[in-house]
file final_37.txt (compact mmCIF, C-alpha atoms)
# COMPACT_ATOMS: atom_id res chain seq x y z
CA MET A 206 -217.09 -24.84 39.12
CA ASN A 207 -217.90 -28.27 37.73
CA PRO A 208 -218.26 -31.48 39.73
CA TYR A 209 -215.72 -34.24 39.10
CA GLU A 210 -214.84 -37.63 40.50
CA LEU A 211 -211.39 -39.15 40.72
CA LEU A 212 -210.77 -42.85 41.17
CA LEU A 213 -207.29 -43.92 42.25
CA ILE A 214 -205.79 -47.38 42.33
CA ILE A 215 -202.88 -47.41 44.75
CA THR A 216 -200.26 -50.12 45.15
CA PRO A 217 -201.21 -52.43 48.05
CA ASP A 218 -197.58 -52.94 49.14
CA HIS A 219 -197.61 -50.40 51.96
CA ASP A 220 -199.31 -50.28 55.36
CA GLU A 221 -202.37 -48.24 56.36
CA ASN A 222 -200.35 -45.21 57.50
CA GLU A 223 -198.63 -44.86 54.14
CA ALA A 224 -201.93 -45.31 52.28
CA GLU A 225 -203.55 -42.67 54.49
CA ALA A 226 -200.62 -40.32 53.89
CA LEU A 227 -201.02 -40.73 50.12
CA THR A 228 -204.77 -40.21 50.42
CA ASN A 229 -204.15 -37.00 52.37
CA GLN A 230 -201.55 -35.88 49.82
CA VAL A 231 -204.06 -36.23 46.96
CA LYS A 232 -206.68 -34.58 49.15
CA SER A 233 -204.43 -31.54 49.66
CA ILE A 234 -203.74 -31.34 45.91
CA ILE A 235 -207.48 -31.27 45.19
CA GLU A 236 -208.16 -28.71 47.93
CA GLY A 237 -205.44 -26.51 46.42
CA GLY A 238 -207.52 -25.91 43.31
CA GLY A 239 -211.07 -26.88 44.20
CA THR A 240 -213.52 -27.99 46.86
CA LEU A 241 -213.35 -31.57 48.08
CA LEU A 242 -216.81 -32.96 48.79
CA LYS A 243 -216.24 -36.61 49.62
CA VAL A 244 -213.44 -39.15 50.06
CA ASP A 245 -214.54 -42.79 49.89
CA PRO A 246 -211.83 -45.45 50.42
CA TRP A 247 -213.06 -48.71 48.91
CA GLY A 248 -210.21 -50.81 50.25
CA LYS A 249 -208.14 -53.53 48.62
CA LYS A 250 -209.67 -55.18 45.56
CA ARG A 251 -208.55 -57.66 42.96
CA LEU A 252 -207.64 -56.11 39.60
CA ALA A 253 -209.18 -57.35 36.37
CA TYR A 254 -205.72 -57.67 34.85
CA PRO A 255 -202.20 -57.24 36.25
CA ILE A 256 -200.82 -53.71 36.35
CA ARG A 257 -197.06 -53.43 36.91
CA LYS A 258 -197.01 -57.11 37.94
CA ARG A 259 -199.61 -56.53 40.69
CA SER A 260 -202.94 -58.30 40.86
CA GLU A 261 -204.46 -56.20 43.69
CA GLY A 262 -204.87 -52.51 44.38
CA CYS A 263 -206.36 -50.15 46.94
CA TYR A 264 -209.18 -48.07 45.51
CA VAL A 265 -210.02 -44.54 46.68
CA LEU A 266 -212.83 -42.37 45.24
CA TYR A 267 -212.76 -38.56 45.51
CA ILE A 268 -215.69 -36.32 44.58
CA PHE A 269 -214.84 -32.64 44.21
CA GLU A 270 -215.67 -29.40 42.44
CA CYS A 271 -213.16 -27.32 40.53
CA ALA A 272 -212.61 -25.20 37.46
CA PRO A 273 -212.10 -27.18 34.24
CA GLY A 274 -208.53 -25.92 33.90
CA PHE A 275 -207.53 -27.47 37.23
CA VAL A 276 -208.17 -31.01 35.95
CA ALA A 277 -205.08 -30.82 33.71
CA GLU A 278 -202.96 -29.68 36.67
CA LEU A 279 -204.38 -32.51 38.79
CA ASN A 280 -203.51 -35.06 36.08
CA GLN A 281 -199.93 -33.79 35.99
CA SER A 282 -199.63 -33.97 39.78
CA LEU A 283 -201.02 -37.51 39.94
CA HIS A 284 -198.87 -38.75 37.07
CA VAL A 285 -195.70 -38.04 39.10
CA ILE A 286 -196.71 -40.10 42.16
CA GLU A 287 -195.22 -43.58 41.70
CA THR A 288 -197.46 -45.46 44.15
CA ILE A 289 -200.54 -44.71 42.03
CA LEU A 290 -201.11 -47.58 39.61
CA ARG A 291 -203.99 -45.96 37.70
CA TYR A 292 -206.26 -42.95 38.05
CA MET A 293 -209.15 -41.49 36.15
CA VAL A 294 -210.84 -38.11 36.45
CA VAL A 295 -214.33 -37.84 34.96
CA GLN A 296 -217.17 -35.41 35.30
CA TYR A 297 -219.58 -36.35 38.09
CA GLU A 298 -222.81 -37.58 36.50
CA ASP A 299 -225.11 -37.85 39.54
CA ASP A 300 -226.99 -34.97 41.11
CA ILE A 301 -224.39 -32.89 42.95
CA ASP A 302 -227.03 -31.03 44.99
CA LYS A 303 -228.36 -34.34 46.29
CA LEU A 304 -224.83 -35.37 47.34
CA LYS A 305 -224.27 -32.05 49.11
CA ALA A 306 -227.60 -32.44 50.93
CA GLU A 307 -226.64 -35.97 52.05
CA LEU A 308 -223.27 -34.74 53.28
CA THR A 309 -224.81 -31.89 55.27
CA THR A 310 -227.35 -34.24 56.90
CA GLU A 311 -224.54 -36.67 57.76
CA THR A 312 -222.48 -33.93 59.39
CA THR A 313 -225.45 -32.62 61.38
CA GLU A 314 -226.32 -36.16 62.51
CA VAL A 315 -222.73 -36.73 63.62
CA LYS A 316 -222.73 -33.42 65.51
CA GLU A 317 -226.06 -34.24 67.17
CA SER A 318 -224.96 -37.73 68.19
CA THR A 319 -221.74 -36.44 69.72
CA SER A 320 -223.60 -33.70 71.59
CA ASP A 321 -226.17 -36.25 72.84
CA GLU A 322 -223.41 -38.52 74.11
CA GLU A 323 -221.78 -35.62 75.92
CA SER A 324 -225.01 -34.37 77.51
CA THR A 325 -226.41 -37.69 78.74
CA PRO A 326 -225.12 -38.86 82.10
CA ASP A 327 -223.44 -42.23 82.40
CA LYS A 328 -226.41 -44.13 83.70
CA GLU A 329 -227.24 -47.71 82.89
CA VAL A 330 -230.75 -48.32 81.71
CA PRO A 331 -231.98 -51.80 82.60
CA SER A 332 -233.49 -53.89 79.85
CA ASP A 333 -237.03 -55.26 80.04
CA GLY A 334 -237.50 -57.74 82.83
CA GLU A 335 -234.48 -56.65 84.88
CA SER A 336 -235.15 -55.39 88.35
CA THR A 337 -234.09 -51.94 89.46
CA SER A 338 -233.57 -50.49 92.89
CA ASP A 339 -236.43 -47.97 92.57
CA GLY A 340 -239.26 -50.51 92.38
CA ASN A 341 -239.99 -50.35 88.64
CA ALA A 342 -239.81 -54.13 88.46
CA GLU A 343 -242.81 -54.44 90.78
CA ALA A 344 -244.84 -52.18 88.51
CA GLU A 345 -243.85 -54.30 85.51
CA ASP A 346 -244.87 -57.49 87.36
CA THR A 347 -248.31 -56.10 88.17
CA THR A 348 -248.92 -55.22 84.53
CA ASP A 349 -247.89 -58.72 83.52
CA ASP A 350 -250.33 -60.19 86.10
CA ALA A 351 -253.11 -57.92 84.83
CA GLU A 352 -252.47 -59.03 81.26
CA ALA A 353 -252.54 -62.66 82.35
CA GLU A 354 -255.89 -62.12 84.10
CA ASN A 355 -257.28 -60.46 80.97
CA THR A 356 -256.27 -63.37 78.76
CA THR A 357 -257.73 -65.97 81.12
CA ALA A 358 -260.97 -63.98 81.50
CA SER A 359 -261.43 -63.71 77.75
CA ALA A 360 -260.86 -67.44 77.25
call {"tool": "encode", "arguments": {"input": "final_37.txt", "output": "structure tokens"}}
result
Amino acid sequence: MNPYELLLIITPDHDENEAEALTNQVKSIIEGGGTLLKVDPWGKKRLAYPIRKRSEGCYVLYIFECAPGFVAELNQSLHVIETILRYMVVQYEDDIDKLKAELTTETTEVKESTSDEESTPDKEVPSDGESTSDGNAEAEDTTDDAEAENTTASA
């Protein structure tokens, strides 16, 4: 399986739900013949020249792995969708192993952060200088006084 990237330019005439539906449709086409690694929506951008009388388009980048024969099928599937202004499938030039490693670290970080949020109790932690009910503010004040005495003694 070879790594590829697909860049789509979608018409900006529809709302976010329709754009997301189209993104998911292309995603399912890619997953039907390969392994989708990353979807990166770039948002609405100005085009260098008008395409079908439009001066803006929504860009979406897909990075995936598939067999070389699937690229022709993908091109045929994308050519039929009318809301796609332009698309281009090229071989992915960067290090695919590095990308996979980044994606696995991102997913583990997301899992860890969600598990940390679930396991920590809802308890407010006071910022520096705020008093608390358990007397920590008095301890902070004594350290501030001790530091003040040290600075005056050294002067």
call {"tool": "atom_distance", "arguments": {"input": "final_37.txt", "atom1": "atom CA of A:Glu261", "atom2": "atom CA of A:Gly248"}}
result
10.3 Å
call {"tool": "closest_residue", "arguments": {"input": "final_37.txt", "among": "A:Ser318, A:Leu242, A:Ser233, A:Asn280", "to": "A:Lys303", "atoms": "only C-alpha atoms"}}
result
A:Leu242
call {"tool": "closest_residue", "arguments": {"input": "final_37.txt", "among": "A:Ser260, A:Asn222, A:Gln296, A:Thr228", "to": "A:Pro246", "atoms": "only C-alpha atoms"}}
result
A:Thr228
call {"tool": "closest_residue", "arguments": {"input": "final_37.txt", "among": "A:Glu314, A:Leu283, A:Tyr297, A:Glu278", "to": "A:Gly238", "atoms": "only C-alpha atoms"}}
result
A:Glu278
call {"tool": "closest_residue", "arguments": {"input": "final_37.txt", "among": "A:Leu252, A:Leu212, A:Val231, A:Met206", "to": "A:Val294", "atoms": "all atoms listed in the file"}}
result
A:Leu212
call {"tool": "closest_residue", "arguments": {"input": "final_37.txt", "among": "A:Leu211, A:Ala253, A:Ile235, A:Leu304", "to": "A:Tyr267", "atoms": "all atoms listed in the file"}}
result
A:Leu211
call {"tool": "closest_residue", "arguments": {"input": "final_37.txt", "among": "A:Leu290, A:Leu241, A:Leu227, A:Ile234", "to": "A:Lys258", "atoms": "all atoms listed in the file"}}
result
A:Leu290
call {"tool": "atom_distance", "arguments": {"input": "final_37.txt", "atom1": "atom CA of A:Leu213", "atom2": "atom CA of A:Glu307"}}
result
23.1 Å
call {"tool": "atom_distance", "arguments": {"input": "final_37.txt", "atom1": "atom CA of A:Asn229", "atom2": "atom CA of A:Gly262"}}
result
17.5 Å
call {"tool": "residues_around", "arguments": {"input": "final_37.txt", "residues": "A:Cys263", "least_positions_apart": "5", "cutoff": "6 Å", "atoms": "only C-alpha atoms", "output": "ChimeraX atom specification"}}
result
/A:214-215,217,248-249
call {"tool": "write_last_selection", "arguments": {"input": "final_37.txt", "atoms": "C-alpha atoms", "output": "JSON list (two decimals), in the coordinates of the input"}}
result
[["chain", "number", "residue", "atom", "x", "y", "z"],
["A", 214, "ILE", "CA", -205.79, -47.38, 42.33],
["A", 215, "ILE", "CA", -202.88, -47.41, 44.75],
["A", 217, "PRO", "CA", -201.21, -52.43, 48.05],
["A", 248, "GLY", "CA", -210.21, -50.81, 50.25],
["A", 249, "LYS", "CA", -208.14, -53.53, 48.62]]
call {"tool": "axis_aligned_box", "arguments": {"input": "final_37.txt", "around": "stretch 295-308 of chain A", "padding_each_side": "3 Å", "output": "AutoDock Vina command-line options"}}
result
--center_x -221.3 --center_y -34.4 --center_z 44.1 --size_x 20.0 --size_y 12.8 --size_z 24.3
